[in-house]
Amino acid sequence: MPKVRKPTHSGSWYESNYAKLKAQIGSWMQDVQPEPGTHAQAIIAPHAGYSYSGHVMAYAYKHIDPSNVSRVFLLGPSHKLYTRKCLLSSTQSYETPLGSMQIDQEVCSQLLQTGEFEMMDVDTDEAEHSLELHTPYIVHIMGGKPFSLVPIMVGALSTSSEAKYGALLAPYLNDPSNCFIISSDFCHWGRRFSYTFFDQDQGPIWKSIQWLDKEGMDAIESQSPQRFADYLSTYRNTICGRHPIAVLLNVSHP
């Protein structure tokens with residue numbers, strides 16, 4: 001029997017009913033007016049429950065032109081398992097309430113042969129939400145067009161490891177039919193996250209958080225891995241997808 005990753009967070013983090021979920025994502029997408037320009041080959045979007053971030057995800061996904069995509073690389077942080085590596089799925093497909101996606105076994109094999117990637121078992125795969133929360137959106141935007149998926153769980157990498165994995169993935173970004181999706185929430189503020197940075201010059205706490213995240217976004221938009229690393233070193237912002245983001249920056253500038 002082929003190994004299948006079940007949508008273990010459906011029915012809690014997002015809708016499990018096909019019709020309701022399809023209508024919900026469709027409505028969010030319809031509400032977004034895309035920025036003028038070309039197809040986005042890489043996006044960053046959140047992975048909180050859809051009641052919090054589903055409508056926000058639409059702003060990123062609206063800029064993907066599925067007619068240009070035949071393979072999706074999905075990179076997300078590890079919340080449950082501590083690792084200093086990047087992990088590949090051991091399954092053959094990812095199931096969602098909207099349909100299934102086939103894992104690109106050929107690309108996964110190529111990455112595994114580098115000796116830098118490890119495999120994650122199905123239980124580890126299904127426990128992680130950062131990848132799964134994107135899967136219904138991916139199926140929705142692809143609209144039945146054939147494509148394959150390369151899910152990668154990104155561990156707590158050093159800056160040198162971020163550069164190493166970026167270099168390994170860079171050839172795939174050079175192929176315009178590949179699309180990179182980075183799963184990341186931004187500032188997690190409060191004592192429960194052991195992070196209470198507050199710049200009073202910015203105004204109330206929420207304004208300070210807004211400014212802090214905007215500074216991080218500006219660093220990302222510069223496409224400089226070093227600038228983003230310096231930002232994180234200075235502010236220690238709890239961007240949970242900081243390592244996948246840094247890998248992407250290094251993919252763009254290997």
# chains A, B, ... in the order shown; residues from 1 in each chain; ligands from 1
$ closest_atom_pairs --of "stretch 162-201 of chain A" --to "stretch 69-83 of chain A" --cutoff "9 Å" --atoms "only C-alpha atoms" --output "JSON lines"
{"residue": "A:Pro176", "atom": "CA", "partner": "A:Val69", "partner_atom": "CA", "distance": 7.7}
{"residue": "A:Ser177", "atom": "CA", "partner": "A:Val69", "partner_atom": "CA", "distance": 4.6}
{"residue": "A:Asn178", "atom": "CA", "partner": "A:Arg71", "partner_atom": "CA", "distance": 4.9}
{"residue": "A:Cys179", "atom": "CA", "partner": "A:Val72", "partner_atom": "CA", "distance": 4.9}
{"residue": "A:Phe180", "atom": "CA", "partner": "A:Phe73", "partner_atom": "CA", "distance": 4.7}
{"residue": "A:Ile181", "atom": "CA", "partner": "A:Leu74", "partner_atom": "CA", "distance": 4.9}
{"residue": "A:Ile182", "atom": "CA", "partner": "A:Leu75", "partner_atom": "CA", "distance": 5.0}
{"residue": "A:Ser183", "atom": "CA", "partner": "A:Gly76", "partner_atom": "CA", "distance": 4.8}
{"residue": "A:Ser184", "atom": "CA", "partner": "A:Gly76", "partner_atom": "CA", "distance": 6.9}
$ write_last_selection --atoms "C-alpha atoms" --output "tab-separated table (two decimals), in the first residue's frame"
chain	number	residue	atom	x	y	z
A	176	PRO	CA	10.67	28.59	-14.26
A	177	SER	CA	8.16	25.73	-14.01
A	178	ASN	CA	9.09	25.26	-10.34
A	179	CYS	CA	7.33	27.30	-7.66
A	180	PHE	CA	8.58	27.78	-4.09
A	181	ILE	CA	6.11	28.26	-1.25
A	182	ILE	CA	7.51	29.25	2.14
A	183	SER	CA	5.37	28.69	5.22
A	184	SER	CA	5.93	31.28	7.96
$ select_by_dssp --residues "stretch 45-216 of chain A" --states "strand (DSSP E or B)" --output "PyMOL selection string"
chain A and resi 45+71-77+86-89+93-96+99-103+117-120+148-154+178-183+190+195
$ write_last_selection --atoms "N, CA and C atoms" --output "short mmCIF file (atom, residue, chain, number, x, y, z; two decimals), in the first residue's frame"
data_model
loop_
_atom_site.label_atom_id
_atom_site.label_comp_id
_atom_site.auth_asym_id
_atom_site.auth_seq_id
_atom_site.Cartn_x
_atom_site.Cartn_y
_atom_site.Cartn_z
N ALA A 45 3.80 32.76 2.94
CA ALA A 45 2.44 32.88 3.45
C ALA A 45 2.33 32.17 4.80
N ARG A 71 5.70 21.96 -10.77
CA ARG A 71 6.22 21.37 -9.54
C ARG A 71 6.23 22.43 -8.45
N VAL A 72 5.81 22.05 -7.24
CA VAL A 72 5.77 22.97 -6.11
C VAL A 72 6.70 22.49 -5.02
N PHE A 73 7.64 23.33 -4.62
CA PHE A 73 8.48 23.08 -3.46
C PHE A 73 7.83 23.79 -2.27
N LEU A 74 7.49 23.03 -1.25
CA LEU A 74 6.84 23.58 -0.06
C LEU A 74 7.77 23.44 1.13
N LEU A 75 8.24 24.58 1.66
CA LEU A 75 9.19 24.57 2.77
C LEU A 75 8.53 25.16 4.01
N GLY A 76 8.59 24.42 5.12
CA GLY A 76 8.01 24.90 6.36
C GLY A 76 8.86 24.52 7.55
N PRO A 77 8.72 25.27 8.65
CA PRO A 77 9.52 24.99 9.85
C PRO A 77 9.00 23.79 10.61
N CYS A 86 17.31 19.29 7.03
CA CYS A 86 16.06 19.40 6.29
C CYS A 86 15.56 17.98 6.02
N LEU A 87 14.25 17.79 6.19
CA LEU A 87 13.67 16.46 6.09
C LEU A 87 12.70 16.37 4.91
N LEU A 88 12.70 15.22 4.25
CA LEU A 88 11.81 14.95 3.13
C LEU A 88 10.72 13.98 3.55
N SER A 89 9.58 14.07 2.89
CA SER A 89 8.47 13.17 3.21
C SER A 89 8.74 11.76 2.70
N SER A 93 1.98 10.48 -1.37
CA SER A 93 1.04 11.55 -1.68
C SER A 93 0.59 12.26 -0.42
N TYR A 94 0.15 13.50 -0.59
CA TYR A 94 -0.47 14.30 0.48
C TYR A 94 -1.95 14.41 0.16
N GLU A 95 -2.78 13.99 1.09
CA GLU A 95 -4.23 14.10 0.91
C GLU A 95 -4.72 15.42 1.51
N THR A 96 -5.71 16.03 0.88
CA THR A 96 -6.39 17.21 1.41
C THR A 96 -7.89 17.02 1.20
N GLY A 99 -8.56 17.22 -2.52
CA GLY A 99 -7.92 16.31 -3.46
C GLY A 99 -6.50 15.98 -3.01
N SER A 100 -5.85 15.12 -3.75
CA SER A 100 -4.51 14.67 -3.36
C SER A 100 -3.43 15.26 -4.26
N MET A 101 -2.20 15.24 -3.75
CA MET A 101 -1.04 15.69 -4.52
C MET A 101 0.02 14.60 -4.47
N GLN A 102 0.61 14.31 -5.61
CA GLN A 102 1.64 13.29 -5.68
C GLN A 102 3.00 13.90 -5.32
N ILE A 103 3.75 13.20 -4.47
CA ILE A 103 5.09 13.64 -4.11
C ILE A 103 6.04 13.32 -5.27
N PHE A 117 20.02 15.65 3.21
CA PHE A 117 18.62 15.55 3.59
C PHE A 117 18.36 14.21 4.28
N GLU A 118 17.39 14.21 5.18
CA GLU A 118 16.95 12.97 5.82
C GLU A 118 15.45 12.78 5.56
N MET A 119 14.98 11.58 5.82
CA MET A 119 13.56 11.28 5.64
C MET A 119 12.84 11.42 6.97
N MET A 120 11.60 11.87 6.93
CA MET A 120 10.77 11.89 8.14
C MET A 120 9.70 10.81 8.01
N SER A 148 3.52 18.14 -9.39
CA SER A 148 4.03 17.31 -8.30
C SER A 148 4.47 18.20 -7.16
N LEU A 149 4.61 17.60 -5.98
CA LEU A 149 4.92 18.34 -4.75
C LEU A 149 6.22 17.84 -4.14
N VAL A 150 7.03 18.79 -3.65
CA VAL A 150 8.25 18.45 -2.92
C VAL A 150 8.16 19.13 -1.55
N PRO A 151 7.60 18.44 -0.54
CA PRO A 151 7.51 19.04 0.79
C PRO A 151 8.82 18.87 1.55
N ILE A 152 9.29 19.95 2.17
CA ILE A 152 10.56 19.92 2.91
C ILE A 152 10.35 20.56 4.28
N MET A 153 10.56 19.77 5.33
CA MET A 153 10.53 20.31 6.68
C MET A 153 11.92 20.83 7.03
N VAL A 154 11.98 22.11 7.37
CA VAL A 154 13.26 22.76 7.61
C VAL A 154 13.52 22.88 9.11
N ASN A 178 9.11 25.57 -11.76
CA ASN A 178 9.09 25.26 -10.34
C ASN A 178 8.64 26.47 -9.55
N CYS A 179 7.82 26.23 -8.52
CA CYS A 179 7.33 27.30 -7.66
C CYS A 179 7.71 26.97 -6.22
N PHE A 180 8.19 27.97 -5.49
CA PHE A 180 8.58 27.78 -4.09
C PHE A 180 7.57 28.47 -3.18
N ILE A 181 7.04 27.72 -2.23
CA ILE A 181 6.11 28.26 -1.25
C ILE A 181 6.73 28.11 0.13
N ILE A 182 6.88 29.23 0.82
CA ILE A 182 7.51 29.25 2.14
C ILE A 182 6.45 29.50 3.19
N SER A 183 6.38 28.62 4.16
CA SER A 183 5.37 28.69 5.22
C SER A 183 5.96 29.38 6.44
N GLY A 190 4.84 37.84 23.47
CA GLY A 190 4.25 37.59 24.79
C GLY A 190 5.11 36.66 25.62
N TYR A 195 9.16 36.25 24.47
CA TYR A 195 9.57 37.36 23.61
C TYR A 195 8.67 38.56 23.86
#
$ closest_residue --among "A:His47, A:Arg5, A:His39, A:Arg84" --to "A:Leu131" --atoms "only C-alpha atoms"
A:His47
$ residues_around --residues "stretch 202-211 of chain A" --least-positions-apart "2" --cutoff "10 Å" --atoms "only C-alpha atoms" --output "JSON, numbers by chain"
{"A": [186, 187, 188, 189, 196, 197, 198, 199, 200, 213, 214, 215, 216, 217, 237]}
$ closest_atom_pairs --of "stretch 12-67 of chain A" --to "stretch 244-247 of chain A" --cutoff "12 Å" --atoms "only C-alpha atoms" --output "JSON lines"
{"residue": "A:Ala42", "atom": "CA", "partner": "A:Ile245", "partner_atom": "CA", "distance": 10.5}
{"residue": "A:Ile43", "atom": "CA", "partner": "A:Ile245", "partner_atom": "CA", "distance": 9.8}
{"residue": "A:Ile44", "atom": "CA", "partner": "A:Ile245", "partner_atom": "CA", "distance": 7.8}
{"residue": "A:Ala45", "atom": "CA", "partner": "A:Ile245", "partner_atom": "CA", "distance": 10.5}
{"residue": "A:Pro46", "atom": "CA", "partner": "A:Ile245", "partner_atom": "CA", "distance": 11.9}
$ closest_residue --among "A:Thr159, A:Met57, A:Ile25, A:Gln30" --to "A:Ser233" --atoms "only C-alpha atoms"
A:Thr159
$ closest_residue --among "A:Gly144, A:Asp31, A:Val56, A:Asp175" --to "A:Asn68" --atoms "only C-alpha atoms"
A:Asp175
$ closest_residue --among "A:Glu126, A:Gly143, A:Cys108, A:Leu232" --to "A:Pro66" --atoms "only C-alpha atoms"
A:Gly143
$ residues_around --residues "A:Pro225" --least-positions-apart "4" --cutoff "12 Å" --atoms "only C-alpha atoms" --output "PyMOL selection string"
chain A and resi 159-160+162-163+166+216+218-221+229-232+242-254
$ select_by_dssp --residues "stretch 6-194 of chain A" --states "alpha helix (DSSP H)" --output "ChimeraX atom specification"
/A:18-30,50-61,105-112,122-127,129-132,135-142,159-173
$ write_last_selection --atoms "C-alpha atoms" --output "PDB file, in the first residue's frame"
ATOM      1  CA  TYR A  18     -14.961  19.764   0.475  1.00  0.00           C
ATOM      2  CA  ALA A  19     -17.695  22.188  -0.614  1.00  0.00           C
ATOM      3  CA  LYS A  20     -17.288  24.529   2.345  1.00  0.00           C
ATOM      4  CA  LEU A  21     -13.488  24.650   2.104  1.00  0.00           C
ATOM      5  CA  LYS A  22     -13.530  25.202  -1.665  1.00  0.00           C
ATOM      6  CA  ALA A  23     -16.058  28.020  -1.314  1.00  0.00           C
ATOM      7  CA  GLN A  24     -14.123  29.584   1.551  1.00  0.00           C
ATOM      8  CA  ILE A  25     -10.786  29.671  -0.272  1.00  0.00           C
ATOM      9  CA  GLY A  26     -12.513  30.786  -3.474  1.00  0.00           C
ATOM     10  CA  SER A  27     -14.149  33.692  -1.652  1.00  0.00           C
ATOM     11  CA  TRP A  28     -10.866  34.800  -0.087  1.00  0.00           C
ATOM     12  CA  MET A  29      -9.109  34.630  -3.448  1.00  0.00           C
ATOM     13  CA  GLN A  30     -11.878  36.587  -5.137  1.00  0.00           C
ATOM     14  CA  TYR A  50      -7.669  29.536   8.616  1.00  0.00           C
ATOM     15  CA  SER A  51      -9.929  31.583  10.907  1.00  0.00           C
ATOM     16  CA  TYR A  52      -6.844  33.697  11.641  1.00  0.00           C
ATOM     17  CA  SER A  53      -4.826  33.607   8.439  1.00  0.00           C
ATOM     18  CA  GLY A  54      -6.847  31.985   5.655  1.00  0.00           C
ATOM     19  CA  HIS A  55      -7.778  35.332   4.122  1.00  0.00           C
ATOM     20  CA  VAL A  56      -4.165  36.539   4.421  1.00  0.00           C
ATOM     21  CA  MET A  57      -2.837  33.520   2.519  1.00  0.00           C
ATOM     22  CA  ALA A  58      -4.962  34.546  -0.454  1.00  0.00           C
ATOM     23  CA  TYR A  59      -2.856  37.683  -0.964  1.00  0.00           C
ATOM     24  CA  ALA A  60       0.183  35.529  -1.648  1.00  0.00           C
ATOM     25  CA  TYR A  61      -1.484  32.736  -3.607  1.00  0.00           C
ATOM     26  CA  GLN A 105       9.832  10.929  -5.953  1.00  0.00           C
ATOM     27  CA  GLU A 106      12.507  11.708  -8.544  1.00  0.00           C
ATOM     28  CA  VAL A 107      13.390  15.094  -7.039  1.00  0.00           C
ATOM     29  CA  CYS A 108      13.232  13.724  -3.497  1.00  0.00           C
ATOM     30  CA  SER A 109      15.667  10.997  -4.539  1.00  0.00           C
ATOM     31  CA  GLN A 110      17.999  13.586  -6.072  1.00  0.00           C
ATOM     32  CA  LEU A 111      17.971  15.617  -2.857  1.00  0.00           C
ATOM     33  CA  LEU A 112      18.443  12.544  -0.687  1.00  0.00           C
ATOM     34  CA  VAL A 122       4.633   9.483   8.517  1.00  0.00           C
ATOM     35  CA  ASP A 123       3.861  10.268  12.176  1.00  0.00           C
ATOM     36  CA  THR A 124       6.332  13.165  12.175  1.00  0.00           C
ATOM     37  CA  ASP A 125       4.944  14.357   8.844  1.00  0.00           C
ATOM     38  CA  GLU A 126       1.337  14.268  10.036  1.00  0.00           C
ATOM     39  CA  ALA A 127       2.100  15.972  13.353  1.00  0.00           C
ATOM     40  CA  HIS A 129       1.018  21.774  10.616  1.00  0.00           C
ATOM     41  CA  SER A 130       3.292  24.246   8.806  1.00  0.00           C
ATOM     42  CA  LEU A 131       3.230  22.204   5.600  1.00  0.00           C
ATOM     43  CA  GLU A 132      -0.325  20.884   5.777  1.00  0.00           C
ATOM     44  CA  THR A 135      -1.898  22.024   0.920  1.00  0.00           C
ATOM     45  CA  PRO A 136      -5.596  22.941   0.364  1.00  0.00           C
ATOM     46  CA  TYR A 137      -4.549  26.268  -1.102  1.00  0.00           C
ATOM     47  CA  ILE A 138      -2.076  24.578  -3.445  1.00  0.00           C
ATOM     48  CA  VAL A 139      -4.699  22.134  -4.710  1.00  0.00           C
ATOM     49  CA  HIS A 140      -7.190  24.970  -5.117  1.00  0.00           C
ATOM     50  CA  ILE A 141      -4.965  27.294  -7.143  1.00  0.00           C
ATOM     51  CA  MET A 142      -3.688  24.505  -9.378  1.00  0.00           C
ATOM     52  CA  THR A 159      23.433  30.402   8.707  1.00  0.00           C
ATOM     53  CA  SER A 160      26.033  28.216   7.010  1.00  0.00           C
ATOM     54  CA  SER A 161      23.508  25.373   6.691  1.00  0.00           C
ATOM     55  CA  GLU A 162      20.922  27.793   5.291  1.00  0.00           C
ATOM     56  CA  ALA A 163      23.455  28.731   2.631  1.00  0.00           C
ATOM     57  CA  LYS A 164      24.260  25.067   1.971  1.00  0.00           C
ATOM     58  CA  TYR A 165      20.625  24.066   1.468  1.00  0.00           C
ATOM     59  CA  GLY A 166      20.015  27.183  -0.603  1.00  0.00           C
ATOM     60  CA  ALA A 167      22.824  26.175  -2.943  1.00  0.00           C
ATOM     61  CA  LEU A 168      21.415  22.655  -3.262  1.00  0.00           C
ATOM     62  CA  LEU A 169      17.952  23.980  -4.157  1.00  0.00           C
ATOM     63  CA  ALA A 170      19.128  26.836  -6.389  1.00  0.00           C
ATOM     64  CA  PRO A 171      19.159  24.776  -9.627  1.00  0.00           C
ATOM     65  CA  TYR A 172      15.455  24.065  -9.144  1.00  0.00           C
ATOM     66  CA  LEU A 173      14.609  27.772  -8.880  1.00  0.00           C
TER      67      LEU A 173
END
$ atom_distance --atom1 "atom CA of A:Glu116" --atom2 "atom CA of A:Ser90"
15.5 Å
$ decode --residues "stretch 130-246 of chain A" --atoms "C-alpha atoms" --output "PDB file, in the first residue's frame"
ATOM      1  CA  SER A 130       3.292  24.246   8.806  1.00  0.00           C
ATOM      2  CA  LEU A 131       3.230  22.204   5.600  1.00  0.00           C
ATOM      3  CA  GLU A 132      -0.325  20.884   5.777  1.00  0.00           C
ATOM      4  CA  LEU A 133      -1.992  24.279   6.166  1.00  0.00           C
ATOM      5  CA  HIS A 134      -0.778  25.176   2.668  1.00  0.00           C
ATOM      6  CA  THR A 135      -1.898  22.024   0.920  1.00  0.00           C
ATOM      7  CA  PRO A 136      -5.596  22.941   0.364  1.00  0.00           C
ATOM      8  CA  TYR A 137      -4.549  26.268  -1.102  1.00  0.00           C
ATOM      9  CA  ILE A 138      -2.076  24.578  -3.445  1.00  0.00           C
ATOM     10  CA  VAL A 139      -4.699  22.134  -4.710  1.00  0.00           C
ATOM     11  CA  HIS A 140      -7.190  24.970  -5.117  1.00  0.00           C
ATOM     12  CA  ILE A 141      -4.965  27.294  -7.143  1.00  0.00           C
ATOM     13  CA  MET A 142      -3.688  24.505  -9.378  1.00  0.00           C
ATOM     14  CA  GLY A 143      -7.286  23.822 -10.389  1.00  0.00           C
ATOM     15  CA  GLY A 144      -6.777  20.250 -11.559  1.00  0.00           C
ATOM     16  CA  LYS A 145      -3.618  20.999 -13.574  1.00  0.00           C
ATOM     17  CA  PRO A 146      -1.061  18.156 -13.255  1.00  0.00           C
ATOM     18  CA  PHE A 147       1.850  18.936 -10.941  1.00  0.00           C
ATOM     19  CA  SER A 148       4.030  17.311  -8.304  1.00  0.00           C
ATOM     20  CA  LEU A 149       4.918  18.343  -4.753  1.00  0.00           C
ATOM     21  CA  VAL A 150       8.248  18.446  -2.915  1.00  0.00           C
ATOM     22  CA  PRO A 151       7.511  19.044   0.792  1.00  0.00           C
ATOM     23  CA  ILE A 152      10.556  19.919   2.910  1.00  0.00           C
ATOM     24  CA  MET A 153      10.527  20.314   6.684  1.00  0.00           C
ATOM     25  CA  VAL A 154      13.261  22.761   7.611  1.00  0.00           C
ATOM     26  CA  GLY A 155      14.978  22.358  10.967  1.00  0.00           C
ATOM     27  CA  ALA A 156      16.864  24.796  13.186  1.00  0.00           C
ATOM     28  CA  LEU A 157      19.637  25.566  10.725  1.00  0.00           C
ATOM     29  CA  SER A 158      22.786  27.601  11.200  1.00  0.00           C
ATOM     30  CA  THR A 159      23.433  30.402   8.707  1.00  0.00           C
ATOM     31  CA  SER A 160      26.033  28.216   7.010  1.00  0.00           C
ATOM     32  CA  SER A 161      23.508  25.373   6.691  1.00  0.00           C
ATOM     33  CA  GLU A 162      20.922  27.793   5.291  1.00  0.00           C
ATOM     34  CA  ALA A 163      23.455  28.731   2.631  1.00  0.00           C
ATOM     35  CA  LYS A 164      24.260  25.067   1.971  1.00  0.00           C
ATOM     36  CA  TYR A 165      20.625  24.066   1.468  1.00  0.00           C
ATOM     37  CA  GLY A 166      20.015  27.183  -0.603  1.00  0.00           C
ATOM     38  CA  ALA A 167      22.824  26.175  -2.943  1.00  0.00           C
ATOM     39  CA  LEU A 168      21.415  22.655  -3.262  1.00  0.00           C
ATOM     40  CA  LEU A 169      17.952  23.980  -4.157  1.00  0.00           C
ATOM     41  CA  ALA A 170      19.128  26.836  -6.389  1.00  0.00           C
ATOM     42  CA  PRO A 171      19.159  24.776  -9.627  1.00  0.00           C
ATOM     43  CA  TYR A 172      15.455  24.065  -9.144  1.00  0.00           C
ATOM     44  CA  LEU A 173      14.609  27.772  -8.880  1.00  0.00           C
ATOM     45  CA  ASN A 174      16.382  28.255 -12.200  1.00  0.00           C
ATOM     46  CA  ASP A 175      13.599  26.169 -13.762  1.00  0.00           C
ATOM     47  CA  PRO A 176      10.667  28.585 -14.260  1.00  0.00           C
ATOM     48  CA  SER A 177       8.157  25.734 -14.006  1.00  0.00           C
ATOM     49  CA  ASN A 178       9.093  25.260 -10.340  1.00  0.00           C
ATOM     50  CA  CYS A 179       7.328  27.296  -7.663  1.00  0.00           C
ATOM     51  CA  PHE A 180       8.581  27.781  -4.093  1.00  0.00           C
ATOM     52  CA  ILE A 181       6.110  28.262  -1.247  1.00  0.00           C
ATOM     53  CA  ILE A 182       7.512  29.251   2.142  1.00  0.00           C
ATOM     54  CA  SER A 183       5.372  28.690   5.224  1.00  0.00           C
ATOM     55  CA  SER A 184       5.928  31.278   7.957  1.00  0.00           C
ATOM     56  CA  ASP A 185       4.078  33.253  10.580  1.00  0.00           C
ATOM     57  CA  PHE A 186       5.829  36.356  11.873  1.00  0.00           C
ATOM     58  CA  CYS A 187       6.189  37.811  15.385  1.00  0.00           C
ATOM     59  CA  HIS A 188       4.952  35.606  18.253  1.00  0.00           C
ATOM     60  CA  TRP A 189       4.810  38.143  21.064  1.00  0.00           C
ATOM     61  CA  GLY A 190       4.248  37.587  24.786  1.00  0.00           C
ATOM     62  CA  ARG A 191       5.584  35.750  27.807  1.00  0.00           C
ATOM     63  CA  ARG A 192       4.387  32.376  26.538  1.00  0.00           C
ATOM     64  CA  PHE A 193       6.799  32.833  23.631  1.00  0.00           C
ATOM     65  CA  SER A 194       9.551  34.308  25.844  1.00  0.00           C
ATOM     66  CA  TYR A 195       9.566  37.360  23.609  1.00  0.00           C
ATOM     67  CA  THR A 196       8.455  40.801  24.766  1.00  0.00           C
ATOM     68  CA  PHE A 197      10.522  43.187  22.629  1.00  0.00           C
ATOM     69  CA  PHE A 198       8.998  46.685  22.825  1.00  0.00           C
ATOM     70  CA  ASP A 199      10.290  49.830  21.144  1.00  0.00           C
ATOM     71  CA  GLN A 200       8.389  52.624  22.887  1.00  0.00           C
ATOM     72  CA  ASP A 201       9.390  55.060  20.153  1.00  0.00           C
ATOM     73  CA  GLN A 202       7.003  53.215  17.828  1.00  0.00           C
ATOM     74  CA  GLY A 203       3.961  53.809  20.046  1.00  0.00           C
ATOM     75  CA  PRO A 204       1.820  51.102  21.719  1.00  0.00           C
ATOM     76  CA  ILE A 205       2.898  47.446  21.714  1.00  0.00           C
ATOM     77  CA  TRP A 206       0.955  46.537  18.587  1.00  0.00           C
ATOM     78  CA  LYS A 207       2.622  49.381  16.696  1.00  0.00           C
ATOM     79  CA  SER A 208       6.035  48.180  17.872  1.00  0.00           C
ATOM     80  CA  ILE A 209       5.247  44.650  16.646  1.00  0.00           C
ATOM     81  CA  GLN A 210       4.001  46.011  13.319  1.00  0.00           C
ATOM     82  CA  TRP A 211       7.195  48.035  12.894  1.00  0.00           C
ATOM     83  CA  LEU A 212       9.345  45.052  13.878  1.00  0.00           C
ATOM     84  CA  ASP A 213       7.722  42.743  11.343  1.00  0.00           C
ATOM     85  CA  LYS A 214       7.901  45.418   8.637  1.00  0.00           C
ATOM     86  CA  GLU A 215      11.639  45.744   9.270  1.00  0.00           C
ATOM     87  CA  GLY A 216      11.913  41.975   8.758  1.00  0.00           C
ATOM     88  CA  MET A 217       9.868  42.124   5.572  1.00  0.00           C
ATOM     89  CA  ASP A 218      12.084  44.898   4.237  1.00  0.00           C
ATOM     90  CA  ALA A 219      15.128  42.714   4.921  1.00  0.00           C
ATOM     91  CA  ILE A 220      13.503  39.808   3.065  1.00  0.00           C
ATOM     92  CA  GLU A 221      12.528  42.022   0.136  1.00  0.00           C
ATOM     93  CA  SER A 222      16.150  43.110  -0.184  1.00  0.00           C
ATOM     94  CA  GLN A 223      16.833  39.448  -1.087  1.00  0.00           C
ATOM     95  CA  SER A 224      20.015  39.615   0.971  1.00  0.00           C
ATOM     96  CA  PRO A 225      20.588  36.591   3.235  1.00  0.00           C
ATOM     97  CA  GLN A 226      23.098  38.607   5.260  1.00  0.00           C
ATOM     98  CA  ARG A 227      20.714  41.506   5.855  1.00  0.00           C
ATOM     99  CA  PHE A 228      18.020  39.097   7.064  1.00  0.00           C
ATOM    100  CA  ALA A 229      20.532  37.305   9.308  1.00  0.00           C
ATOM    101  CA  ASP A 230      21.655  40.655  10.757  1.00  0.00           C
ATOM    102  CA  TYR A 231      18.025  41.619  11.408  1.00  0.00           C
ATOM    103  CA  LEU A 232      17.387  38.365  13.285  1.00  0.00           C
ATOM    104  CA  SER A 233      20.604  38.760  15.254  1.00  0.00           C
ATOM    105  CA  THR A 234      19.615  42.295  16.302  1.00  0.00           C
ATOM    106  CA  TYR A 235      15.947  41.772  17.219  1.00  0.00           C
ATOM    107  CA  ARG A 236      15.581  37.997  17.758  1.00  0.00           C
ATOM    108  CA  ASN A 237      12.118  38.224  16.220  1.00  0.00           C
ATOM    109  CA  THR A 238      10.174  34.982  16.685  1.00  0.00           C
ATOM    110  CA  ILE A 239       9.517  34.436  12.986  1.00  0.00           C
ATOM    111  CA  CYS A 240       8.871  30.706  13.060  1.00  0.00           C
ATOM    112  CA  GLY A 241       9.667  30.266   9.374  1.00  0.00           C
ATOM    113  CA  ARG A 242      12.918  32.222   9.557  1.00  0.00           C
ATOM    114  CA  HIS A 243      14.997  29.220   8.517  1.00  0.00           C
ATOM    115  CA  PRO A 244      12.863  28.349   5.450  1.00  0.00           C
ATOM    116  CA  ILE A 245      12.893  32.054   4.515  1.00  0.00           C
ATOM    117  CA  ALA A 246      16.676  32.180   4.852  1.00  0.00           C
TER     118      ALA A 246
END
